[in-house]
>>> print(open('data15.txt').read())   # compact mmCIF, C-alpha atoms and all ligand atoms
# COMPACT_ATOMS: atom_id res chain seq x y z
CA MET W 1 19.24 11.35 1.60
CA ALA W 2 16.27 9.14 0.75
CA GLU W 3 16.70 5.90 -1.21
CA PHE W 4 13.04 5.15 -1.83
CA LEU W 5 10.87 6.67 -4.57
CA TYR W 6 7.08 6.60 -4.88
CA ILE W 7 5.36 7.65 -8.12
CA HIS W 8 1.60 8.31 -8.15
CA ILE W 9 -0.45 7.74 -11.30
CA PRO W 10 -3.97 9.00 -10.50
CA PHE W 11 -5.98 7.51 -13.36
CA CYS W 12 -8.48 4.65 -13.36
CA ILE W 13 -11.03 3.22 -15.76
CA ARG W 14 -13.75 4.23 -13.30
CA LYS W 15 -14.05 4.84 -9.57
CA CYS W 16 -14.69 1.86 -7.28
CA ASN W 17 -17.30 2.75 -4.68
CA TYR W 18 -15.02 2.31 -1.64
CA CYS W 19 -12.08 4.25 -3.07
CA ASP W 20 -10.72 7.32 -1.34
CA PHE W 21 -7.38 7.33 -3.17
CA LEU W 22 -6.65 10.25 -5.45
CA SER W 23 -7.83 9.00 -8.84
CA PHE W 24 -9.58 10.45 -11.88
CA PRO W 25 -11.17 8.93 -14.99
CA TYR W 26 -8.52 8.20 -17.61
CA ASP W 27 -8.14 10.75 -20.39
CA HIS W 28 -5.44 10.32 -23.00
CA ASP W 29 -4.38 13.98 -23.42
CA LEU W 30 -4.47 14.63 -19.70
CA ALA W 31 -2.38 11.51 -19.07
CA GLN W 32 0.28 12.80 -21.47
CA ARG W 33 0.37 16.25 -19.84
CA TYR W 34 0.52 14.59 -16.42
CA THR W 35 3.40 12.38 -17.54
CA ASN W 36 5.36 15.44 -18.73
CA ALA W 37 4.79 17.12 -15.35
CA LEU W 38 5.77 13.95 -13.49
CA CYS W 39 9.02 13.77 -15.44
CA ARG W 40 9.79 17.38 -14.54
CA GLU W 41 9.18 16.63 -10.87
CA LEU W 42 11.43 13.56 -11.10
CA GLU W 43 14.20 15.80 -12.45
CA LEU W 44 13.67 18.44 -9.75
CA LYS W 45 13.70 15.91 -6.90
CA LYS W 46 16.70 13.82 -7.90
CA VAL W 47 18.93 15.84 -5.54
CA PHE W 48 17.02 14.41 -2.57
CA ALA W 49 17.45 10.76 -3.58
CA PRO W 50 20.23 10.26 -6.12
CA HIS W 51 20.59 6.53 -5.33
CA LEU W 52 17.49 4.34 -5.21
CA LYS W 53 16.85 1.01 -3.51
CA THR W 54 13.18 0.89 -4.50
CA VAL W 55 10.76 2.46 -6.93
CA PHE W 56 7.04 1.96 -6.31
CA ILE W 57 4.55 3.09 -8.94
CA GLY W 58 1.10 3.19 -7.43
CA GLY W 59 -2.25 4.72 -8.09
CA GLY W 60 -4.79 4.83 -9.37
CA THR W 61 -4.03 2.25 -12.01
CA PRO W 62 -0.50 2.95 -13.27
CA ALA W 63 -0.60 0.26 -15.95
CA ILE W 64 -3.43 2.21 -17.61
CA LEU W 65 -0.80 4.63 -18.99
CA PRO W 66 0.07 4.04 -22.65
CA GLU W 67 3.39 2.47 -23.54
CA THR W 68 4.93 5.79 -24.61
CA CYS W 69 4.16 7.44 -21.24
CA LEU W 70 5.53 4.50 -19.24
CA GLU W 71 8.69 4.52 -21.37
CA GLN W 72 9.05 8.27 -20.86
CA VAL W 73 8.82 7.94 -17.05
CA PHE W 74 11.32 5.08 -16.88
CA SER W 75 13.73 6.81 -19.23
CA VAL W 76 13.79 9.86 -16.92
CA ILE W 77 14.25 7.69 -13.82
CA ARG W 78 17.19 5.86 -15.42
CA LYS W 79 18.77 9.07 -16.67
CA GLN W 80 18.39 11.08 -13.46
CA TYR W 81 18.80 8.46 -10.71
CA ILE W 82 21.23 5.64 -9.97
CA ILE W 83 19.15 2.53 -9.36
CA SER W 84 20.77 -0.22 -7.34
CA PRO W 85 21.12 -3.45 -9.38
CA GLU W 86 19.05 -5.30 -6.73
CA ALA W 87 16.42 -2.56 -6.52
CA GLU W 88 12.82 -3.60 -5.99
CA VAL W 89 10.74 -1.95 -8.73
CA THR W 90 7.02 -2.40 -8.12
CA MET W 91 4.06 -1.45 -10.22
CA GLU W 92 0.44 -1.73 -9.14
CA THR W 93 -1.89 -3.13 -11.77
CA ASN W 94 -5.53 -4.07 -11.99
CA PRO W 95 -7.07 -7.04 -13.75
CA GLY W 96 -8.47 -5.63 -16.96
CA THR W 97 -5.36 -3.58 -17.73
CA VAL W 98 -2.94 -6.51 -17.98
CA THR W 99 -2.20 -7.86 -21.46
CA ARG W 100 0.77 -9.96 -22.48
CA GLU W 101 2.18 -6.93 -24.35
CA LYS W 102 1.83 -4.76 -21.25
CA ALA W 103 3.45 -7.43 -19.05
CA ASP W 104 6.38 -7.74 -21.51
CA LEU W 105 6.72 -3.96 -21.54
CA LEU W 106 6.82 -3.75 -17.72
CA LEU W 107 9.55 -6.39 -17.60
CA SER W 108 11.57 -4.64 -20.31
CA LEU W 109 11.34 -1.39 -18.33
CA GLY W 110 12.80 -3.10 -15.26
CA VAL W 111 9.64 -3.72 -13.21
CA ASN W 112 10.38 -6.82 -11.11
CA ARG W 113 7.44 -6.83 -8.72
CA VAL W 114 3.76 -6.47 -9.61
CA SER W 115 0.96 -5.88 -7.16
CA LEU W 116 -2.36 -6.99 -8.66
CA GLY W 117 -5.61 -5.62 -7.21
CA VAL W 118 -7.76 -8.75 -7.22
CA GLN W 119 -9.79 -7.92 -4.05
CA SER W 120 -12.09 -10.96 -4.32
CA PHE W 121 -12.63 -14.08 -6.38
CA SER W 122 -16.41 -13.77 -6.02
CA ASP W 123 -18.03 -11.98 -8.97
CA THR W 124 -20.91 -10.94 -6.71
CA GLU W 125 -18.50 -9.23 -4.32
CA LEU W 126 -16.59 -7.60 -7.19
CA LYS W 127 -19.89 -6.16 -8.45
CA ILE W 128 -20.75 -4.86 -4.98
CA LEU W 129 -17.37 -3.08 -4.90
CA GLU W 130 -18.01 -1.80 -8.45
CA ARG W 131 -14.70 -3.21 -9.64
CA VAL W 132 -14.29 -3.18 -13.42
CA HIS W 133 -13.15 -6.81 -13.71
CA THR W 134 -14.38 -10.33 -13.04
CA SER W 135 -12.67 -13.05 -11.04
CA SER W 136 -11.70 -14.98 -14.17
CA GLU W 137 -10.04 -11.83 -15.55
CA ALA W 138 -8.06 -11.62 -12.30
CA VAL W 139 -6.90 -15.22 -12.71
CA ARG W 140 -5.98 -14.56 -16.33
CA SER W 141 -4.03 -11.40 -15.40
CA ALA W 142 -2.03 -13.25 -12.73
CA GLU W 143 -1.27 -16.05 -15.20
CA ILE W 144 -0.17 -13.56 -17.87
CA LEU W 145 2.18 -11.82 -15.43
CA LEU W 146 3.72 -15.08 -14.24
CA MET W 147 4.06 -16.45 -17.78
CA ALA W 148 5.72 -13.20 -18.89
CA GLY W 149 8.37 -13.77 -16.20
CA ILE W 150 7.31 -11.68 -13.19
CA LYS W 151 8.92 -13.53 -10.28
CA ASN W 152 7.51 -11.43 -7.47
CA LEU W 153 3.74 -11.19 -7.68
CA SER W 154 1.59 -9.76 -4.93
CA LEU W 155 -2.19 -10.14 -4.84
CA ASP W 156 -4.46 -7.73 -2.95
CA LEU W 157 -7.54 -9.19 -1.28
CA MET W 158 -10.26 -7.63 0.84
CA TYR W 159 -12.42 -8.87 3.68
CA GLY W 160 -15.41 -7.22 5.29
CA ILE W 161 -17.20 -6.78 1.95
CA PRO W 162 -21.01 -6.47 2.21
CA GLY W 163 -22.50 -9.89 1.57
CA GLN W 164 -19.17 -11.68 2.02
CA THR W 165 -19.29 -14.84 4.09
CA ILE W 166 -16.65 -16.89 5.85
CA GLY W 167 -17.08 -19.39 3.01
CA THR W 168 -16.50 -16.89 0.18
CA TRP W 169 -13.53 -15.35 2.04
CA LYS W 170 -11.99 -18.78 2.51
CA ASP W 171 -12.52 -19.46 -1.18
CA SER W 172 -10.82 -16.17 -2.17
CA LEU W 173 -7.82 -16.97 0.04
CA HIS W 174 -7.44 -20.47 -1.41
CA ARG W 175 -7.84 -19.29 -4.98
CA ALA W 176 -5.21 -16.63 -4.39
CA ILE W 177 -2.77 -19.19 -2.96
CA ASN W 178 -3.41 -21.50 -5.92
CA LEU W 179 -2.06 -18.81 -8.28
CA PHE W 180 1.36 -19.14 -6.54
CA PRO W 181 1.99 -15.47 -5.67
CA GLN W 182 4.97 -14.58 -3.50
CA HIS W 183 3.03 -12.01 -1.50
CA ILE W 184 -0.59 -11.48 -0.43
CA SER W 185 -2.11 -8.36 1.13
CA ALA W 186 -5.38 -8.90 2.99
CA TYR W 187 -7.05 -5.59 3.81
CA GLU W 188 -10.16 -4.96 5.83
CA LEU W 189 -12.66 -2.94 3.80
CA THR W 190 -13.39 0.21 5.79
CA PRO W 191 -16.07 2.61 4.55
CA GLU W 192 -14.22 5.94 4.27
CA LYS W 193 -15.89 9.32 4.67
CA GLY W 194 -17.24 10.74 1.42
CA THR W 195 -17.18 7.48 -0.57
CA ARG W 196 -20.22 6.00 -2.31
CA LEU W 197 -19.83 2.87 -0.21
CA THR W 198 -20.37 4.89 2.97
CA LYS W 199 -23.47 6.46 1.45
CA LEU W 200 -24.84 3.04 0.47
CA ARG W 201 -24.17 1.77 3.99
CA ASP W 202 -25.71 4.84 5.65
CA THR W 203 -28.85 4.57 3.54
CA GLY W 204 -29.17 0.87 4.34
CA VAL W 205 -28.63 -0.29 0.74
CA LEU W 206 -25.53 -2.26 1.77
CA VAL W 207 -24.92 -3.94 5.11
CA MET W 208 -21.34 -4.35 6.34
CA PRO W 209 -20.41 -7.59 8.14
CA ASP W 210 -20.42 -7.17 11.94
CA GLU W 211 -17.31 -6.85 14.09
CA GLU W 212 -17.30 -10.48 15.17
CA GLU W 213 -17.41 -11.67 11.58
CA ILE W 214 -14.60 -9.30 10.60
CA LEU W 215 -12.45 -10.71 13.39
CA ARG W 216 -13.16 -14.24 12.23
CA MET W 217 -12.18 -13.29 8.67
CA SER W 218 -8.93 -11.67 9.77
CA SER W 219 -8.09 -14.66 11.94
CA LEU W 220 -8.92 -17.05 9.10
CA ALA W 221 -6.54 -15.19 6.77
CA LEU W 222 -3.77 -15.56 9.35
CA ASP W 223 -4.35 -19.33 9.73
CA ILE W 224 -4.77 -20.13 6.03
CA LEU W 225 -1.88 -18.00 4.79
CA GLN W 226 0.54 -19.13 7.49
CA GLU W 227 -0.42 -22.74 6.76
CA ALA W 228 0.46 -22.06 3.09
CA GLY W 229 3.95 -20.85 4.11
CA PHE W 230 3.37 -17.09 4.14
CA GLU W 231 4.93 -15.04 6.96
CA HIS W 232 2.61 -12.52 8.54
CA TYR W 233 5.04 -9.58 8.65
CA GLU W 234 2.65 -6.63 8.83
CA ILE W 235 -0.96 -6.29 10.00
CA SER W 236 -2.31 -6.66 6.43
CA ASN W 237 0.65 -8.25 4.65
CA TYR W 238 1.92 -11.78 4.15
CA ALA W 239 5.01 -12.89 2.22
CA LEU W 240 6.86 -16.05 1.37
CA PRO W 241 10.34 -15.97 2.97
CA GLY W 242 12.49 -13.39 1.19
CA TYR W 243 9.55 -11.57 -0.45
CA ARG W 244 8.57 -8.86 2.02
CA CYS W 245 7.88 -5.55 0.29
CA ILE W 246 11.08 -3.56 0.86
CA HIS W 247 9.47 -0.28 -0.20
CA ASN W 248 6.60 -0.52 2.28
CA MET W 249 8.84 -1.78 5.07
CA ASN W 250 10.71 1.52 4.79
CA TYR W 251 7.41 3.38 5.53
CA TRP W 252 6.78 1.24 8.60
CA ASP W 253 10.36 1.77 9.76
CA ARG W 254 9.80 5.53 9.42
CA GLY W 255 12.52 5.80 6.78
CA GLU W 256 12.86 8.75 4.41
CA TYR W 257 11.38 8.65 0.91
CA ILE W 258 10.55 11.00 -1.91
CA ALA W 259 7.30 10.93 -3.81
CA VAL W 260 6.24 12.45 -7.11
CA GLY W 261 2.77 12.87 -8.55
CA ALA W 262 -0.47 14.59 -7.59
CA GLY W 263 -1.33 14.17 -3.90
CA ALA W 264 1.90 12.23 -3.23
CA HIS W 265 3.49 12.46 0.24
CA SER W 266 7.25 12.66 0.91
CA PHE W 267 9.18 12.27 4.15
CA LEU W 268 12.58 13.94 4.28
CA ASP W 269 14.70 15.37 7.04
CA GLY W 270 11.95 14.98 9.67
CA CYS W 271 9.33 16.76 7.50
CA ARG W 272 6.24 15.31 5.89
CA ALA W 273 5.20 17.12 2.70
CA ARG W 274 2.22 16.70 0.38
CA ASN W 275 1.80 17.59 -3.29
CA ALA W 276 -1.23 19.39 -4.72
CA ASN W 277 -4.23 17.11 -5.32
CA SER W 278 -5.63 19.14 -8.18
CA LEU W 279 -4.25 17.99 -11.53
CA SER W 280 -4.35 21.50 -12.97
CA ASP W 281 -2.41 22.91 -9.98
CA TYR W 282 0.04 20.04 -10.13
CA ILE W 283 0.69 20.38 -13.86
CA GLY W 284 0.61 24.19 -13.77
CA LYS W 285 3.29 24.42 -11.05
CA LEU W 286 5.57 21.99 -12.85
CA ASP W 287 5.11 23.86 -16.14
CA ASN W 288 6.86 26.66 -14.25
CA LEU W 289 9.42 24.25 -12.76
CA ILE W 290 8.05 24.68 -9.22
CA ILE W 291 7.87 21.65 -6.89
CA PRO W 292 4.09 21.34 -6.36
CA GLU W 293 4.12 20.84 -2.57
CA ILE W 294 1.23 22.46 -0.75
CA ASP W 295 1.88 21.29 2.83
CA SER W 296 5.09 20.66 4.64
CA ALA W 297 5.37 20.12 8.38
CA ARG W 298 8.17 19.07 10.68
CA LEU W 299 7.08 16.27 13.00
CA SER W 300 6.75 17.37 16.61
CA PRO W 301 8.28 15.11 19.32
CA ALA W 302 4.73 13.85 20.12
CA ASP W 303 4.07 13.09 16.41
CA ARG W 304 7.31 11.12 16.26
CA VAL W 305 6.29 9.03 19.25
CA ARG W 306 2.79 8.41 17.87
CA GLU W 307 4.20 7.29 14.51
CA PHE W 308 6.82 5.16 16.22
CA ILE W 309 4.15 3.28 18.21
CA MET W 310 1.53 3.00 15.44
CA LEU W 311 3.92 1.97 12.66
CA GLY W 312 5.89 -0.28 15.01
CA PHE W 313 2.79 -2.21 16.03
CA ARG W 314 1.76 -2.63 12.39
CA GLN W 315 4.84 -4.82 11.96
CA ARG W 316 4.50 -8.32 13.37
CA GLU W 317 8.00 -8.14 14.82
CA GLY W 318 6.80 -5.11 16.76
CA ILE W 319 8.34 -1.97 18.20
CA PRO W 320 12.16 -2.00 18.45
CA LEU W 321 12.94 -1.23 22.08
CA ASN W 322 16.46 0.02 21.25
CA ASP W 323 14.93 2.78 19.10
CA ALA W 324 12.52 3.58 21.96
CA ASP W 325 15.55 4.40 24.13
CA ASP W 326 16.68 6.91 21.48
CA LEU W 327 13.28 8.63 21.80
CA ASN W 328 13.58 8.59 25.63
CA LEU W 329 10.56 6.33 25.96
CA ASP W 330 10.20 3.78 28.72
CA ILE W 331 8.01 1.45 26.68
CA THR W 332 8.57 -1.60 28.87
CA THR W 333 7.07 0.11 31.90
CA ALA W 334 4.24 1.69 29.87
CA ALA W 335 3.35 -1.71 28.40
CA GLN W 336 3.52 -3.66 31.68
CA GLN W 337 -0.25 -4.04 32.10
CA LEU W 338 -0.71 -4.85 28.39
CA ILE W 339 1.89 -7.59 28.77
CA GLU W 340 0.15 -8.95 31.90
CA ASP W 341 -3.18 -8.89 30.03
CA GLU W 342 -1.49 -10.85 27.19
CA PHE W 343 -2.17 -8.20 24.53
CA THR W 344 1.55 -7.62 23.96
CA GLU W 345 4.79 -9.52 24.52
CA ILE W 346 8.51 -8.83 24.28
CA ILE W 347 10.41 -11.02 21.83
CA ASN W 348 13.95 -10.32 20.60
CA ASN W 349 13.94 -6.94 22.31
CA ARG W 350 10.82 -5.83 20.44
CA LEU W 351 7.36 -5.24 21.87
CA ARG W 352 4.79 -6.90 19.65
CA LEU W 353 1.08 -7.61 19.61
CA THR W 354 0.08 -11.12 20.62
CA ARG W 355 -2.60 -12.88 18.60
CA LYS W 356 -5.13 -11.68 21.20
CA GLY W 357 -3.73 -8.12 20.87
CA LEU W 358 -3.90 -8.23 17.07
CA ALA W 359 -7.68 -8.52 17.21
CA VAL W 360 -7.91 -5.25 19.17
CA ALA W 361 -4.82 -3.51 17.80
CA ASN W 362 -6.31 0.00 17.85
CA THR W 363 -7.33 -0.25 21.50
CA VAL W 364 -3.88 -1.53 22.47
CA ILE W 365 -2.22 1.37 20.64
CA ILE W 366 -4.48 3.90 22.39
CA ARG W 367 -3.76 2.35 25.81
CA LEU W 368 0.00 2.39 25.23
CA LEU W 369 -0.05 6.00 24.03
CA GLN W 370 -2.12 7.00 27.07
CA ASN W 371 0.39 5.27 29.38
CA LEU W 372 3.18 7.15 27.63
CA GLU W 373 1.14 10.35 28.13
CA VAL W 374 1.28 11.23 24.42
S1 LIG S 1 -8.83 0.76 -9.04
FE1 LIG S 1 -7.95 1.31 -7.04
S2 LIG S 1 -7.41 3.48 -7.22
FE2 LIG S 1 -8.76 2.99 -8.94
S3 LIG S 1 -10.79 3.55 -8.24
FE3 LIG S 1 -10.55 1.38 -7.78
S4 LIG S 1 -9.71 1.34 -5.68
FE4 LIG S 1 -9.47 3.43 -6.44
>>> encode(input="data15.txt", output="structure tokens", more="lines below")
Ligand code: SF4
Amino acid sequence: MAEFLYIHIPFCIRKCNYCDFLSFPYDHDLAQRYTNALCRELELKKVFAPHLKTVFIGGGTPAILPETCLEQVFSVIRKQYIISPEAEVTMETNPGTVTREKADLLLSLGVNRVSLGVQSFSDTELKILERVHTSSEAVRSAEILLMAGIKNLSLDLMYGIPGQTIGTWKDSLHRAINLFPQHISAYELTPEKGTRLTKLRDTGVLVMPDEEEILRMSSLALDILQEAGFEHYEISNYALPGYRCIHNMNYWDRGEYIAVGAGAHSFLDGCRARNANSLSDYIGKLDNLIIPEIDSARLSPADRVREFIMLGFRQREGIPLNDADDLNLDITTAAQQLIEDEFTEIINNRLRLTRKGLAVANTVIIRLLQNLEV
């Protein structure tokens, strides 16, 4: 049985140019029909996860939903599932959708962790990313959330933005720290296939920072955030002690979870399943009380090993060698050369990337998988 629930709300004010998440322009009637479908899916899936340790509402921009829709979703969750009293209940929000009324509503619904998509404190960079908000709106949103009583605030930042410099990145990191969040995610901006950002890069309109600069930015984040007391617990995530994201840690530990919403992925009983992306298919299936999954595949032994290595290395503590024994993997032998080359090290019976290895994480993963003949 899973104990972790993800809910996808695929609506945004408008599409950011780098975005390859499933999201559509907000429409009030569609949002209401989607909410009804979501509630039906929540009812149908309760048998797979009757007791919950976490609920994570992501998007899209979940806080864009009107009060009545948010209340409807939470009322179904509370009626159909048993939520642990210490459960982590996260909602993603974006500056521009956070008002004091909305923050009060989230708290009254039981949301106790908010992840705010700030991305940058430079208005020039926000414009380049086609974000809908300014940096001062981001500051205001964080202040509203903290004043309303959110005690676990996470801020998302991005590096590798066209035009970004070491100076502006440093400034974004410091301004984030000065808002006193408990958690900061620092993601590298990667132009994904099919996005407008990729088109702008390919046509020479935007120039991405080079590899060396990206490495300097990632290393700077590590130094500045650790200096400010944040633990680097996952490649892109930093938390004050006691504030690691429990929901996401379950993904990296390859734990089971259920997911509802268009395009949402579940992992249950060794199978990964995906819901329909199309809103009309998603809503139509649920109108007929059919779970709207379009793909479901059992992981092969090789898939399990690949996930074990990739997700294990994402975590700073590294790959648990005890679990490797369960998969019949001789990781210590396979990693011998990587250890000698100082890309990996064994600490507390886990194989982890060194600081040198972090900078070339993908290459280290490929080398280890090749040595394991996967
Ligand atoms: S706010 Fe997030 S989900 Fe929405 S378009 Fe921008 S990046 Fe995508």
>>> closest_residue(input="data15.txt", among="W:Ile83, W:Leu368, W:Ile57, W:Leu358", to="Gln336 (chain W)", atoms="only C-alpha atoms")
W:Leu368
>>> residues_around(input="data15.txt", residues="Asn250 (chain W)", least_positions_apart="4", cutoff="10 Å", atoms="all atoms listed in the file", output="PyMOL selection string")
chain W and resi 3-4+54+245-246+254-257
>>> residues_around(input="data15.txt", residues="Ile309 (chain W)", least_positions_apart="5", cutoff="12 Å", atoms="all atoms listed in the file", output="PyMOL selection string")
chain W and resi 252-254+302-304+314-315+318-321+323-324+327+329+331+334-335+350-353+361-362+364-372+374
>>> atom_distance(input="data15.txt", atom1="CA of Leu106 (chain W)", atom2="CA of Ala273 (chain W)")
29.2 Å
>>> closest_residue(input="data15.txt", among="W:Ile13, W:Ala31, W:Val47, W:Leu22", to="Thr195 (chain W)", atoms="all atoms listed in the file")
W:Leu22
>>> axis_aligned_box(input="data15.txt", around="region 157-161 of chain W", padding_each_side="5 Å", output="AutoDock Vina command-line options")
--center_x -12.4 --center_y -8.0 --center_z 2.0 --size_x 19.7 --size_y 12.4 --size_z 16.6
>>> residues_near_ligand(input="data15.txt", ligand="ligand LIG 1 (chain S)", cutoff="9 Å", atoms="all atoms listed in the file", output="PyMOL selection string")
chain W and resi 10-25+58-61+93-94+117+129-132
>>> residues_around(input="data15.txt", residues="Leu44 (chain W)", least_positions_apart="2", cutoff="10 Å", atoms="only C-alpha atoms", output="PyMOL selection string")
chain W and resi 38-42+46-48+80+260+286+289-291
>>> atom_distance(input="data15.txt", atom1="CA of Tyr6 (chain W)", atom2="CA of Ala148 (chain W)")
24.3 Å
>>> residues_around(input="data15.txt", residues="Leu5 (chain W)", least_positions_apart="3", cutoff="8 Å", atoms="only C-alpha atoms", output="PyMOL selection string")
chain W and resi 2+49+52+54-56+257-260
>>> residues_around(input="data15.txt", residues="Ile166 (chain W)", least_positions_apart="3", cutoff="8 Å", atoms="all atoms listed in the file", output="PDB file with C-alpha atoms, in the coordinates of the input")
ATOM      1  CA  TRP W 169     -13.530 -15.350   2.040  1.00  0.00           C
ATOM      2  CA  LYS W 170     -11.990 -18.780   2.510  1.00  0.00           C
ATOM      3  CA  GLU W 213     -17.410 -11.670  11.580  1.00  0.00           C
ATOM      4  CA  ARG W 216     -13.160 -14.240  12.230  1.00  0.00           C
ATOM      5  CA  MET W 217     -12.180 -13.290   8.670  1.00  0.00           C
TER       6      MET W 217
END
>>> closest_residue(input="data15.txt", among="W:Val118, W:Leu126, W:Ala297, W:Leu220", to="Phe267 (chain W)", atoms="only C-alpha atoms")
W:Ala297
>>> atom_distance(input="data15.txt", atom1="CA of Met147 (chain W)", atom2="CA of Arg244 (chain W)")
21.7 Å
>>> closest_residue(input="data15.txt", among="W:Ser296, W:Thr90, W:Ser219, W:Asn348", to="Val111 (chain W)", atoms="all atoms listed in the file")
W:Thr90
>>> closest_residue(input="data15.txt", among="W:Cys69, W:Leu146, W:Ile161, W:Leu225", to="Asp29 (chain W)", atoms="all atoms listed in the file")
W:Cys69
>>> closest_residue(input="data15.txt", among="W:Lys127, W:Gly110, W:Ala37, W:Arg100", to="Glu71 (chain W)", atoms="all atoms listed in the file")
W:Gly110
>>> decode(input="data15.txt", residues="region 154-210 of chain W", atoms="C-alpha atoms", output="mmCIF file, in the first residue's frame")
data_model
loop_
_atom_site.group_PDB
_atom_site.id
_atom_site.type_symbol
_atom_site.label_atom_id
_atom_site.label_comp_id
_atom_site.auth_asym_id
_atom_site.auth_seq_id
_atom_site.Cartn_x
_atom_site.Cartn_y
_atom_site.Cartn_z
ATOM 1 C CA SER W 154 10.332 26.324 0.194
ATOM 2 C CA LEU W 155 11.586 28.669 -2.513
ATOM 3 C CA ASP W 156 12.439 27.484 -6.037
ATOM 4 C CA LEU W 157 15.358 29.172 -7.780
ATOM 5 C CA MET W 158 16.956 28.616 -11.169
ATOM 6 C CA TYR W 159 20.471 28.981 -12.507
ATOM 7 C CA GLY W 160 21.684 28.819 -16.078
ATOM 8 C CA ILE W 161 19.197 31.475 -17.238
ATOM 9 C CA PRO W 162 20.234 33.337 -20.432
ATOM 10 C CA GLY W 163 21.894 36.582 -19.395
ATOM 11 C CA GLN W 164 22.339 35.461 -15.776
ATOM 12 C CA THR W 165 25.713 36.236 -14.246
ATOM 13 C CA ILE W 166 27.531 34.930 -11.204
ATOM 14 C CA GLY W 167 26.647 38.265 -9.586
ATOM 15 C CA THR W 168 22.895 38.055 -10.241
ATOM 16 C CA TRP W 169 22.825 34.379 -9.160
ATOM 17 C CA LYS W 170 24.607 35.256 -5.925
ATOM 18 C CA ASP W 171 22.108 38.047 -5.371
ATOM 19 C CA SER W 172 19.142 35.685 -5.925
ATOM 20 C CA LEU W 173 20.578 33.185 -3.430
ATOM 21 C CA HIS W 174 21.141 35.855 -0.774
ATOM 22 C CA ARG W 175 17.729 37.414 -1.278
ATOM 23 C CA ALA W 176 16.130 33.994 -0.952
ATOM 24 C CA ILE W 177 18.004 33.292 2.295
ATOM 25 C CA ASN W 178 16.980 36.700 3.649
ATOM 26 C CA LEU W 179 13.309 35.661 3.411
ATOM 27 C CA PHE W 180 14.012 32.910 6.004
ATOM 28 C CA PRO W 181 12.625 29.892 4.121
ATOM 29 C CA GLN W 182 13.152 26.417 5.562
ATOM 30 C CA HIS W 183 13.929 24.882 2.183
ATOM 31 C CA ILE W 184 15.445 26.047 -1.111
ATOM 32 C CA SER W 185 15.470 24.200 -4.431
ATOM 33 C CA ALA W 186 18.107 25.345 -6.920
ATOM 34 C CA TYR W 187 17.467 23.879 -10.364
ATOM 35 C CA GLU W 188 19.577 24.157 -13.468
ATOM 36 C CA LEU W 189 17.520 25.550 -16.345
ATOM 37 C CA THR W 190 17.666 22.982 -19.132
ATOM 38 C CA PRO W 191 16.090 23.806 -22.502
ATOM 39 C CA GLU W 192 13.648 20.933 -23.063
ATOM 40 C CA LYS W 193 12.626 19.670 -26.487
ATOM 41 C CA GLY W 194 9.585 21.441 -27.924
ATOM 42 C CA THR W 195 9.672 24.457 -25.588
ATOM 43 C CA ARG W 196 9.824 28.062 -26.775
ATOM 44 C CA LEU W 197 13.069 28.503 -24.870
ATOM 45 C CA THR W 198 14.723 25.824 -27.003
ATOM 46 C CA LYS W 199 13.470 27.536 -30.144
ATOM 47 C CA LEU W 200 14.817 30.900 -28.963
ATOM 48 C CA ARG W 201 18.169 29.272 -28.190
ATOM 49 C CA ASP W 202 18.304 27.407 -31.512
ATOM 50 C CA THR W 203 17.545 30.563 -33.471
ATOM 51 C CA GLY W 204 20.221 32.481 -31.570
ATOM 52 C CA VAL W 205 17.768 34.899 -29.909
ATOM 53 C CA LEU W 206 18.835 33.699 -26.442
ATOM 54 C CA VAL W 207 22.272 32.446 -25.444
ATOM 55 C CA MET W 208 22.556 29.942 -22.598
ATOM 56 C CA PRO W 209 25.472 30.298 -20.156
ATOM 57 C CA ASP W 210 28.346 27.910 -20.988
#
